[in-house]
$ cat query_26.cif   # mmCIF, C-alpha atoms
data_model
loop_
_atom_site.group_PDB
_atom_site.id
_atom_site.type_symbol
_atom_site.label_atom_id
_atom_site.label_comp_id
_atom_site.auth_asym_id
_atom_site.auth_seq_id
_atom_site.Cartn_x
_atom_site.Cartn_y
_atom_site.Cartn_z
ATOM 1 C CA MET A 94 102.629 68.842 176.005
ATOM 2 C CA LEU A 95 100.050 71.551 175.464
ATOM 3 C CA PHE A 96 99.669 71.047 171.714
ATOM 4 C CA ARG A 97 99.020 67.327 172.096
ATOM 5 C CA ARG A 98 96.411 67.927 174.791
ATOM 6 C CA ILE A 99 94.586 70.457 172.616
ATOM 7 C CA VAL A 100 94.610 68.115 169.611
ATOM 8 C CA PHE A 101 93.307 65.252 171.746
ATOM 9 C CA ALA A 102 90.538 67.433 173.204
ATOM 10 C CA ALA A 103 89.663 68.759 169.734
ATOM 11 C CA LEU A 104 89.342 65.230 168.345
ATOM 12 C CA LEU A 105 86.851 64.387 171.098
ATOM 13 C CA VAL A 106 84.913 67.645 170.796
ATOM 14 C CA GLY A 107 84.952 67.548 166.979
ATOM 15 C CA ALA A 108 83.715 63.964 166.817
ATOM 16 C CA LEU A 109 80.916 64.675 169.284
ATOM 17 C CA SER A 110 79.727 67.915 167.663
ATOM 18 C CA GLY A 111 80.201 66.607 164.104
ATOM 19 C CA LEU A 112 78.133 63.486 164.806
ATOM 20 C CA MET A 113 75.475 65.575 166.536
ATOM 21 C CA LEU A 114 75.381 67.895 163.520
ATOM 22 C CA SER A 115 75.078 64.906 161.193
ATOM 23 C CA ALA A 116 72.030 63.643 163.062
ATOM 24 C CA VAL A 117 70.205 66.993 163.063
ATOM 25 C CA GLN A 118 71.246 67.673 159.465
ATOM 26 C CA ARG A 119 70.075 64.279 158.244
ATOM 27 C CA TRP A 120 66.674 64.889 159.711
ATOM 28 C CA GLN A 121 65.911 68.448 158.520
ATOM 29 C CA VAL A 122 68.651 69.906 156.252
ATOM 30 C CA VAL A 123 69.496 67.079 153.852
ATOM 31 C CA PRO A 124 65.860 66.490 152.723
ATOM 32 C CA ILE A 125 65.757 70.117 151.526
ATOM 33 C CA ILE A 126 69.092 69.747 149.660
ATOM 34 C CA GLU A 127 67.759 66.596 147.997
ATOM 35 C CA ALA A 128 64.481 68.279 147.034
ATOM 36 C CA ALA A 129 66.384 71.239 145.550
ATOM 37 C CA GLU A 130 68.576 68.871 143.547
ATOM 38 C CA ARG A 131 65.495 67.171 142.110
ATOM 39 C CA TYR A 132 64.307 70.568 140.847
ATOM 40 C CA GLU A 133 67.782 71.307 139.571
ATOM 41 C CA GLN A 134 67.848 68.097 137.572
ATOM 42 C CA ALA A 135 64.306 68.534 136.264
ATOM 43 C CA ARG A 136 65.105 71.932 134.785
ATOM 44 C CA THR A 137 65.243 72.091 130.990
ATOM 45 C CA PRO A 138 68.845 72.031 129.731
ATOM 46 C CA GLN A 139 68.552 75.222 127.609
ATOM 47 C CA ALA A 140 67.242 77.272 130.500
ATOM 48 C CA GLY A 141 69.917 75.847 132.756
ATOM 49 C CA GLY A 142 72.635 76.609 130.251
ATOM 50 C CA ALA A 143 71.407 80.174 129.815
ATOM 51 C CA ALA A 144 71.367 80.773 133.540
ATOM 52 C CA GLY A 145 74.781 79.207 133.885
ATOM 53 C CA GLU A 146 76.250 81.458 131.241
ATOM 54 C CA ALA A 147 74.565 84.532 132.637
ATOM 55 C CA ALA A 148 75.887 83.865 136.097
ATOM 56 C CA HIS A 149 79.291 82.452 135.301
ATOM 57 C CA PRO A 150 80.430 83.611 131.896
ATOM 58 C CA HIS A 151 83.885 82.168 132.582
ATOM 59 C CA GLU A 152 82.551 78.651 132.963
ATOM 60 C CA GLY A 153 81.356 76.586 130.054
ATOM 61 C CA ALA A 154 77.674 75.680 130.323
ATOM 62 C CA GLY A 155 78.112 72.084 131.462
ATOM 63 C CA GLU A 156 76.182 69.300 129.816
ATOM 64 C CA HIS A 157 75.710 68.028 133.309
ATOM 65 C CA ALA A 158 72.231 68.347 134.762
ATOM 66 C CA HIS A 159 73.665 70.582 137.507
ATOM 67 C CA ALA A 160 74.468 73.277 134.970
ATOM 68 C CA ALA A 161 73.969 76.708 136.569
ATOM 69 C CA GLY A 162 77.457 77.248 137.892
ATOM 70 C CA HIS A 163 77.005 74.205 140.067
ATOM 71 C CA GLU A 164 79.511 71.573 139.054
ATOM 72 C CA HIS A 165 83.142 72.431 138.713
ATOM 73 C CA ALA A 166 83.869 69.581 136.348
ATOM 74 C CA ALA A 167 81.177 67.166 135.258
ATOM 75 C CA ASP A 168 83.574 64.225 135.128
ATOM 76 C CA ALA A 169 85.195 64.830 138.524
ATOM 77 C CA TRP A 170 84.847 62.163 141.175
ATOM 78 C CA GLU A 171 81.829 62.478 143.445
ATOM 79 C CA PRO A 172 80.536 60.152 146.136
ATOM 80 C CA ALA A 173 77.873 57.703 144.974
ATOM 81 C CA GLU A 174 74.343 58.380 146.181
ATOM 82 C CA GLY A 175 73.348 56.648 149.387
ATOM 83 C CA VAL A 176 75.766 55.355 151.980
ATOM 84 C CA GLU A 177 78.868 56.814 150.318
ATOM 85 C CA ARG A 178 77.459 60.336 150.106
ATOM 86 C CA ILE A 179 76.144 60.180 153.665
ATOM 87 C CA GLY A 180 79.505 58.829 154.811
ATOM 88 C CA PHE A 181 81.442 61.696 153.243
ATOM 89 C CA THR A 182 79.007 64.231 154.674
ATOM 90 C CA VAL A 183 79.430 62.784 158.172
ATOM 91 C CA LEU A 184 83.202 62.760 157.672
ATOM 92 C CA SER A 185 83.147 66.412 156.537
ATOM 93 C CA ASN A 186 80.999 67.349 159.518
ATOM 94 C CA VAL A 187 83.416 65.686 161.954
ATOM 95 C CA LEU A 188 86.405 67.241 160.177
ATOM 96 C CA VAL A 189 84.966 70.738 160.306
ATOM 97 C CA GLY A 190 84.016 70.070 163.943
ATOM 98 C CA ILE A 191 87.638 69.168 164.743
ATOM 99 C CA GLY A 192 88.868 72.281 162.920
ATOM 100 C CA PHE A 193 86.511 74.605 164.758
ATOM 101 C CA ALA A 194 87.301 72.843 168.062
ATOM 102 C CA LEU A 195 91.052 73.425 167.548
ATOM 103 C CA VAL A 196 90.420 77.122 166.922
ATOM 104 C CA MET A 197 88.027 77.346 169.878
ATOM 105 C CA LEU A 198 90.336 75.511 172.314
ATOM 106 C CA ALA A 199 93.375 77.542 171.235
ATOM 107 C CA VAL A 200 91.536 80.818 171.876
ATOM 108 C CA MET A 201 90.080 79.476 175.141
ATOM 109 C CA SER A 202 93.618 78.592 176.238
ATOM 110 C CA VAL A 203 94.802 82.124 175.521
ATOM 111 C CA ALA A 204 91.941 83.424 177.690
ATOM 112 C CA LEU A 205 92.858 80.931 180.435
ATOM 113 C CA ARG A 206 96.492 82.050 180.342
ATOM 114 C CA ARG A 207 95.621 85.730 180.458
ATOM 115 C CA GLY A 208 93.218 84.981 183.291
ATOM 116 C CA ALA A 209 95.883 83.064 185.197
ATOM 117 C CA VAL A 210 98.397 85.883 184.743
ATOM 118 C CA SER A 211 96.084 88.758 185.631
ATOM 119 C CA GLY A 212 94.382 86.787 188.407
ATOM 120 C CA ARG A 213 90.897 87.489 187.126
ATOM 121 C CA LYS A 214 89.017 84.556 188.556
ATOM 122 C CA ALA A 215 86.167 84.562 186.077
ATOM 123 C CA MET A 216 88.569 84.030 183.216
ATOM 124 C CA ALA A 217 90.830 81.537 184.921
ATOM 125 C CA LYS A 218 87.861 79.241 185.199
ATOM 126 C CA LEU A 219 86.202 77.494 182.336
ATOM 127 C CA ASN A 220 83.350 75.069 182.737
ATOM 128 C CA TRP A 221 80.555 73.886 180.531
ATOM 129 C CA ARG A 222 78.486 77.005 181.326
ATOM 130 C CA HIS A 223 81.262 79.296 180.111
ATOM 131 C CA GLY A 224 81.593 76.894 177.207
ATOM 132 C CA LEU A 225 77.971 77.561 176.284
ATOM 133 C CA LEU A 226 78.764 81.292 175.952
ATOM 134 C CA TRP A 227 81.831 80.476 173.844
ATOM 135 C CA GLY A 228 79.658 78.253 171.673
ATOM 136 C CA LEU A 229 77.124 81.031 171.162
ATOM 137 C CA ALA A 230 79.984 83.355 170.202
ATOM 138 C CA GLY A 231 81.179 80.749 167.676
ATOM 139 C CA TYR A 232 77.643 80.537 166.287
ATOM 140 C CA ALA A 233 77.550 84.323 165.904
ATOM 141 C CA VAL A 234 81.004 84.441 164.259
ATOM 142 C CA PHE A 235 80.806 81.474 161.903
ATOM 143 C CA PHE A 236 77.119 81.261 161.129
ATOM 144 C CA VAL A 237 74.894 84.219 162.034
ATOM 145 C CA ALA A 238 77.139 87.076 160.878
ATOM 146 C CA PRO A 239 78.040 85.539 157.475
ATOM 147 C CA ALA A 240 74.428 84.359 156.988
ATOM 148 C CA LEU A 241 73.105 87.906 157.486
ATOM 149 C CA GLY A 242 74.774 88.881 154.213
ATOM 150 C CA LEU A 243 74.949 85.512 152.464
ATOM 151 C CA PRO A 244 72.094 83.274 153.650
ATOM 152 C CA PRO A 245 72.869 79.542 153.289
ATOM 153 C CA GLU A 246 71.918 78.538 149.751
ATOM 154 C CA ILE A 247 70.207 75.498 148.340
ATOM 155 C CA PRO A 248 71.810 73.785 145.333
ATOM 156 C CA GLY A 249 70.682 75.262 142.030
ATOM 157 C CA SER A 250 70.559 78.894 143.061
ATOM 158 C CA VAL A 251 72.536 81.532 141.183
ATOM 159 C CA ALA A 252 74.751 83.900 143.179
ATOM 160 C CA ALA A 253 77.683 86.284 142.845
ATOM 161 C CA PRO A 254 81.056 84.728 141.855
ATOM 162 C CA LEU A 255 82.255 82.183 144.391
ATOM 163 C CA GLU A 256 85.598 83.839 145.181
ATOM 164 C CA SER A 257 84.046 87.169 146.137
ATOM 165 C CA ARG A 258 81.514 85.447 148.395
ATOM 166 C CA GLN A 259 84.245 83.381 150.053
ATOM 167 C CA VAL A 260 86.327 86.503 150.690
ATOM 168 C CA TRP A 261 83.331 88.331 152.175
ATOM 169 C CA TRP A 262 82.481 85.322 154.316
ATOM 170 C CA LEU A 263 86.019 85.110 155.728
ATOM 171 C CA LEU A 264 86.200 88.880 156.244
ATOM 172 C CA THR A 265 82.890 88.830 158.119
ATOM 173 C CA ALA A 266 83.913 85.948 160.378
ATOM 174 C CA ALA A 267 87.254 87.635 161.159
ATOM 175 C CA CYS A 268 85.676 91.048 161.896
ATOM 176 C CA THR A 269 82.936 89.512 164.055
ATOM 177 C CA ALA A 270 85.449 87.407 166.023
ATOM 178 C CA ALA A 271 87.791 90.358 166.579
ATOM 179 C CA GLY A 272 84.855 92.609 167.467
ATOM 180 C CA ILE A 273 83.413 90.209 170.046
ATOM 181 C CA ALA A 274 86.873 89.588 171.548
ATOM 182 C CA LEU A 275 87.453 93.338 171.848
ATOM 183 C CA VAL A 276 84.096 94.001 173.534
ATOM 184 C CA VAL A 277 84.360 91.030 175.916
ATOM 185 C CA PHE A 278 88.069 91.087 176.815
ATOM 186 C CA GLY A 279 89.020 94.720 176.163
ATOM 187 C CA LYS A 280 89.636 96.907 179.198
ATOM 188 C CA SER A 281 89.768 100.462 177.877
ATOM 189 C CA PRO A 282 86.748 102.373 176.537
ATOM 190 C CA TRP A 283 88.145 101.510 173.103
ATOM 191 C CA ARG A 284 86.598 98.089 173.592
ATOM 192 C CA TRP A 285 83.362 99.490 172.177
ATOM 193 C CA ALA A 286 85.088 100.019 168.840
ATOM 194 C CA GLY A 287 84.529 96.260 168.574
ATOM 195 C CA LEU A 288 80.873 96.979 167.780
ATOM 196 C CA ALA A 289 81.918 99.098 164.802
ATOM 197 C CA LEU A 290 84.255 96.308 163.678
ATOM 198 C CA ILE A 291 81.335 93.856 163.755
ATOM 199 C CA ALA A 292 79.314 96.232 161.569
ATOM 200 C CA VAL A 293 82.059 96.854 158.952
ATOM 201 C CA PRO A 294 81.393 93.870 156.635
ATOM 202 C CA HIS A 295 77.668 94.635 156.607
ATOM 203 C CA VAL A 296 78.333 98.276 155.741
ATOM 204 C CA VAL A 297 80.639 97.116 152.928
ATOM 205 C CA GLY A 298 77.855 94.742 151.884
ATOM 206 C CA ALA A 299 77.888 91.127 150.745
ATOM 207 C CA PRO A 300 78.424 90.463 147.031
ATOM 208 C CA HIS A 301 75.187 89.716 145.182
ATOM 209 C CA SER A 302 74.583 88.715 141.595
ATOM 210 C CA GLY A 303 71.767 91.228 141.067
ATOM 211 C CA MET A 304 69.682 88.433 139.582
ATOM 212 C CA SER A 305 66.907 86.309 140.947
ATOM 213 C CA PRO A 306 68.586 83.253 142.487
ATOM 214 C CA PHE A 307 66.392 80.940 140.401
ATOM 215 C CA VAL A 308 66.690 82.759 137.096
ATOM 216 C CA GLY A 309 66.949 79.614 134.961
ATOM 217 C CA PHE A 310 63.761 78.013 136.261
ATOM 218 C CA PRO A 311 60.199 78.241 134.981
ATOM 219 C CA PRO A 312 58.193 80.642 137.232
ATOM 220 C CA GLU A 313 56.216 78.034 139.202
ATOM 221 C CA MET A 314 59.368 75.999 139.861
ATOM 222 C CA ALA A 315 61.245 79.148 140.898
ATOM 223 C CA ALA A 316 58.481 79.944 143.387
ATOM 224 C CA GLU A 317 58.722 76.474 144.897
ATOM 225 C CA MET A 318 62.500 76.739 145.103
ATOM 226 C CA ALA A 319 62.176 80.114 146.822
ATOM 227 C CA THR A 320 60.004 78.433 149.482
ATOM 228 C CA LEU A 321 62.626 75.677 149.826
ATOM 229 C CA ALA A 322 65.358 78.308 150.142
ATOM 230 C CA LYS A 323 63.490 79.994 152.996
ATOM 231 C CA GLN A 324 63.011 76.677 154.813
ATOM 232 C CA PHE A 325 66.675 75.920 154.245
ATOM 233 C CA VAL A 326 67.849 79.078 156.021
ATOM 234 C CA TRP A 327 65.920 78.092 159.158
ATOM 235 C CA ALA A 328 66.866 74.431 158.950
ATOM 236 C CA SER A 329 70.569 75.253 158.709
ATOM 237 C CA ALA A 330 70.231 77.899 161.441
ATOM 238 C CA ILE A 331 68.859 75.224 163.801
ATOM 239 C CA ALA A 332 71.423 72.589 162.782
ATOM 240 C CA ASN A 333 74.261 75.075 163.289
ATOM 241 C CA GLY A 334 72.816 76.239 166.593
ATOM 242 C CA VAL A 335 72.860 72.664 167.893
ATOM 243 C CA PHE A 336 76.370 72.158 166.477
ATOM 244 C CA TRP A 337 77.812 75.259 168.157
ATOM 245 C CA ILE A 338 76.076 74.700 171.489
ATOM 246 C CA VAL A 339 77.434 71.137 171.641
ATOM 247 C CA LEU A 340 80.860 72.314 170.449
ATOM 248 C CA GLY A 341 80.978 75.155 172.997
ATOM 249 C CA ILE A 342 79.810 73.152 175.999
ATOM 250 C CA SER A 343 82.110 70.209 175.248
ATOM 251 C CA SER A 344 85.068 72.547 174.534
ATOM 252 C CA GLY A 345 84.518 74.284 177.887
ATOM 253 C CA TRP A 346 84.456 70.935 179.620
ATOM 254 C CA ALA A 347 87.465 69.591 177.691
ATOM 255 C CA ALA A 348 89.490 72.769 178.259
ATOM 256 C CA GLN A 349 88.967 72.458 182.003
ATOM 257 C CA ARG A 350 89.536 68.715 182.046
ATOM 258 C CA PHE A 351 92.504 68.244 179.664
ATOM 259 C CA VAL A 352 94.042 71.576 178.680
ATOM 260 C CA LYS A 353 94.027 73.840 181.730
ATOM 261 C CA LYS A 354 96.811 71.987 183.598
ATOM 262 C CA ALA A 355 99.202 72.450 180.709
ATOM 263 C CA VAL A 356 98.308 76.067 180.001
ATOM 264 C CA ALA A 357 99.374 78.021 183.087
ATOM 265 C CA MET B 63 123.083 81.911 190.787
ATOM 266 C CA GLN B 64 123.536 79.924 187.691
ATOM 267 C CA SER B 65 120.685 77.556 188.465
ATOM 268 C CA GLN B 66 118.460 80.581 189.080
ATOM 269 C CA ALA B 67 119.383 82.000 185.676
ATOM 270 C CA THR B 68 118.707 78.643 184.084
ATOM 271 C CA THR B 69 115.298 78.496 185.758
ATOM 272 C CA VAL B 70 114.377 81.946 184.451
ATOM 273 C CA ALA B 71 115.561 81.030 180.976
ATOM 274 C CA THR B 72 113.647 77.739 181.045
ATOM 275 C CA THR B 73 110.482 79.515 182.153
ATOM 276 C CA ARG B 74 110.844 82.026 179.338
ATOM 277 C CA VAL B 75 111.331 79.261 176.799
ATOM 278 C CA ALA B 76 108.318 77.428 178.242
ATOM 279 C CA VAL B 77 106.138 80.545 177.927
ATOM 280 C CA LEU B 78 107.345 81.086 174.382
ATOM 281 C CA THR B 79 106.790 77.494 173.287
ATOM 282 C CA LYS B 80 103.341 77.463 174.868
ATOM 283 C CA GLY B 81 102.449 80.509 172.835
ATOM 284 C CA LEU B 82 103.799 78.790 169.741
ATOM 285 C CA GLN B 83 101.885 75.612 170.485
ATOM 286 C CA LEU B 84 98.651 77.577 170.840
ATOM 287 C CA ALA B 85 99.373 79.388 167.581
ATOM 288 C CA PHE B 86 99.980 76.062 165.832
ATOM 289 C CA ALA B 87 96.769 74.573 167.215
ATOM 290 C CA PHE B 88 94.851 77.625 165.999
ATOM 291 C CA LEU B 89 96.473 77.488 162.551
ATOM 292 C CA LEU B 90 95.909 73.755 162.198
ATOM 293 C CA GLY B 91 92.216 74.292 162.984
ATOM 294 C CA ALA B 92 91.956 77.153 160.501
ATOM 295 C CA VAL B 93 93.625 75.065 157.760
ATOM 296 C CA ILE B 94 91.255 72.143 158.408
ATOM 297 C CA VAL B 95 88.180 74.387 158.254
ATOM 298 C CA TYR B 96 89.519 76.072 155.109
ATOM 299 C CA ALA B 97 90.214 72.746 153.408
ATOM 300 C CA ALA B 98 86.814 71.291 154.266
ATOM 301 C CA GLY B 99 84.798 74.433 153.630
ATOM 302 C CA PHE B 100 86.572 76.560 151.034
ATOM 303 C CA LEU B 101 88.940 74.529 148.870
ATOM 304 C CA GLN B 102 87.619 74.590 145.298
ATOM 305 C CA THR B 103 89.144 71.344 144.021
ATOM 306 C CA SER B 104 86.235 69.421 142.462
ATOM 307 C CA GLU B 105 86.811 66.216 144.427
ATOM 308 C CA VAL B 106 86.971 68.020 147.767
ATOM 309 C CA HIS B 107 83.955 70.116 146.819
ATOM 310 C CA ASN B 108 81.890 67.060 145.883
ATOM 311 C CA ALA B 109 82.852 65.128 149.013
ATOM 312 C CA ALA B 110 82.073 68.021 151.362
ATOM 313 C CA HIS B 111 79.134 69.344 149.317
ATOM 314 C CA ASP B 112 76.246 68.761 151.732
ATOM 315 C CA MET B 113 78.251 69.964 154.740
ATOM 316 C CA ARG B 114 79.190 73.179 152.894
ATOM 317 C CA HIS B 115 75.570 73.944 152.055
ATOM 318 C CA SER B 116 74.395 73.100 155.529
ATOM 319 C CA GLN B 117 77.088 75.197 157.247
ATOM 320 C CA GLY B 118 76.397 78.223 155.082
ATOM 321 C CA PHE B 119 79.833 78.173 153.403
ATOM 322 C CA PRO B 120 79.632 79.672 149.912
ATOM 323 C CA CYS B 121 79.611 76.528 147.787
ATOM 324 C CA HIS B 122 79.134 77.091 144.072
#
$ encode --input "query_26.cif" --output "structure tokens"
Amino acid sequence: MLFRRIVFAALLVGALSGLMLSAVQRWQVVPIIEAAERYEQARTPQAGGAAGEAAHPHEGAGEHAHAAGHEHAADAWEPAEGVERIGFTVLSNVLVGIGFALVMLAVMSVALRRGAVSGRKAMAKLNWRHGLLWGLAGYAVFFVAPALGLPPEIPGSVAAPLESRQVWWLLTAACTAAGIALVVFGKSPWRWAGLALIAVPHVVGAPHSGMSPFVGFPPEMAAEMATLAKQFVWASAIANGVFWIVLGISSGWAAQRFVKKAVA
Amino acid sequence: MQSQATTVATTRVAVLTKGLQLAFAFLLGAVIVYAAGFLQTSEVHNAAHDMRHSQGFPCH
């Protein structure tokens, strides 16, 4: 059964890419998150409360050290520091890897089917080298395009309301995916409209708060957090690059090995 | 004749269900990514916190 084969392949691919991501993340992304949280906790409560209210007037300024729109509810469960937190992060990485792998393998299968029907050899074949291209496309869709408007943020920074950023993020990923698919798989000259589609979310513009992201911090601390934020963008860009390359290559391999037979 | 018709019908059903299976796989993946990356429930947010930051999902 096709569905079962895809799920099986996605579990393999997701576990591999999620564990790979965890390793890279542990080494260069997590130290920056931890450093930012130390700043966040060191901030004076009044300043934090003021920033929190300025940024999120609908949320009460939490007594929690993570005030500035950070915590949803101060008394909500959270993993304990150390092994538990690392464990949940690894689990989340694997889970998101499985989710992305399911999406990737489903779309790859559609391409395989279309290739089999139309007899275009290049598309009927999928190996790890094609997988690499698919992985780079995934990186562009789910990391680069959204990050152009909303760079990955360190904890403690103030930004536009969460819902509007989530909507923009999803819109950008959808437009970029549809745009790339149109340019790559389209056959009429209309395929080039895909480029315009990719540009749409950036013309609309990502939501921004109009404030400095570290508005609640004393100036010298804000400067240090700005440096951290810059490092964080590159660290997450590298971690995601590794994640998507591993995910793409292993999906290409798994599609050929487990899924292709059931697709045609 | 009848077996031929049955074969055609079976093939059509197979094509249709394969399409459905692919759609389900895609949807399942999208739901998993949404749950891990976008769900705002505090517990889910706290558990997935570091992954969300690292993946560039809007987090707070």
$ interface_residues --input "query_26.cif" --of "chain B" --to "chain A" --cutoff "7 Å" --atoms "all atoms listed in the file" --output "PyMOL selection string"
chain B and resi 80+83-84+87-88+91-92+94-95+98+104-105+108-110+112-113+115-118+120+122
$ closest_residue --input "query_26.cif" --among "A:Leu205, A:Leu340, A:Cys268, A:Ala230" --to "Lys218 (chain A)" --atoms "all atoms listed in the file"
A:Leu205
$ resolve_selection --input "query_26.cif" --expression "the PyMOL selection byres ((chain A and resi 132) around 12)" --output "ChimeraX atom specification"
/A:125-131,133-137,141,158-159,247-250,307,309-311,313-319,321
$ write_last_selection --input "query_26.cif" --atoms "C-alpha atoms" --output "compact mmCIF listing (two decimals), in the frame of the given file"
# COMPACT_ATOMS: atom_id res chain seq x y z
CA ILE A 125 65.76 70.12 151.53
CA ILE A 126 69.09 69.75 149.66
CA GLU A 127 67.76 66.60 148.00
CA ALA A 128 64.48 68.28 147.03
CA ALA A 129 66.38 71.24 145.55
CA GLU A 130 68.58 68.87 143.55
CA ARG A 131 65.50 67.17 142.11
CA GLU A 133 67.78 71.31 139.57
CA GLN A 134 67.85 68.10 137.57
CA ALA A 135 64.31 68.53 136.26
CA ARG A 136 65.10 71.93 134.78
CA THR A 137 65.24 72.09 130.99
CA GLY A 141 69.92 75.85 132.76
CA ALA A 158 72.23 68.35 134.76
CA HIS A 159 73.67 70.58 137.51
CA ILE A 247 70.21 75.50 148.34
CA PRO A 248 71.81 73.78 145.33
CA GLY A 249 70.68 75.26 142.03
CA SER A 250 70.56 78.89 143.06
CA PHE A 307 66.39 80.94 140.40
CA GLY A 309 66.95 79.61 134.96
CA PHE A 310 63.76 78.01 136.26
CA PRO A 311 60.20 78.24 134.98
CA GLU A 313 56.22 78.03 139.20
CA MET A 314 59.37 76.00 139.86
CA ALA A 315 61.24 79.15 140.90
CA ALA A 316 58.48 79.94 143.39
CA GLU A 317 58.72 76.47 144.90
CA MET A 318 62.50 76.74 145.10
CA ALA A 319 62.18 80.11 146.82
CA LEU A 321 62.63 75.68 149.83
$ atom_distance --input "query_26.cif" --atom1 "CA of Leu288 (chain A)" --atom2 "CA of Ala274 (chain A)"
10.2 Å
$ atom_distance --input "query_26.cif" --atom1 "CA of Thr265 (chain A)" --atom2 "CA of Ala85 (chain B)"
21.2 Å
$ resolve_selection --input "query_26.cif" --expression "the PyMOL selection byres ((chain A and resi 270) around 10)" --output "VMD selection string"
chain A and resid 230 to 231 233 to 235 238 264 to 269 271 to 275 287 290 to 291
$ atom_distance --input "query_26.cif" --atom1 "CA of Val276 (chain A)" --atom2 "CA of Trp337 (chain A)"
20.5 Å
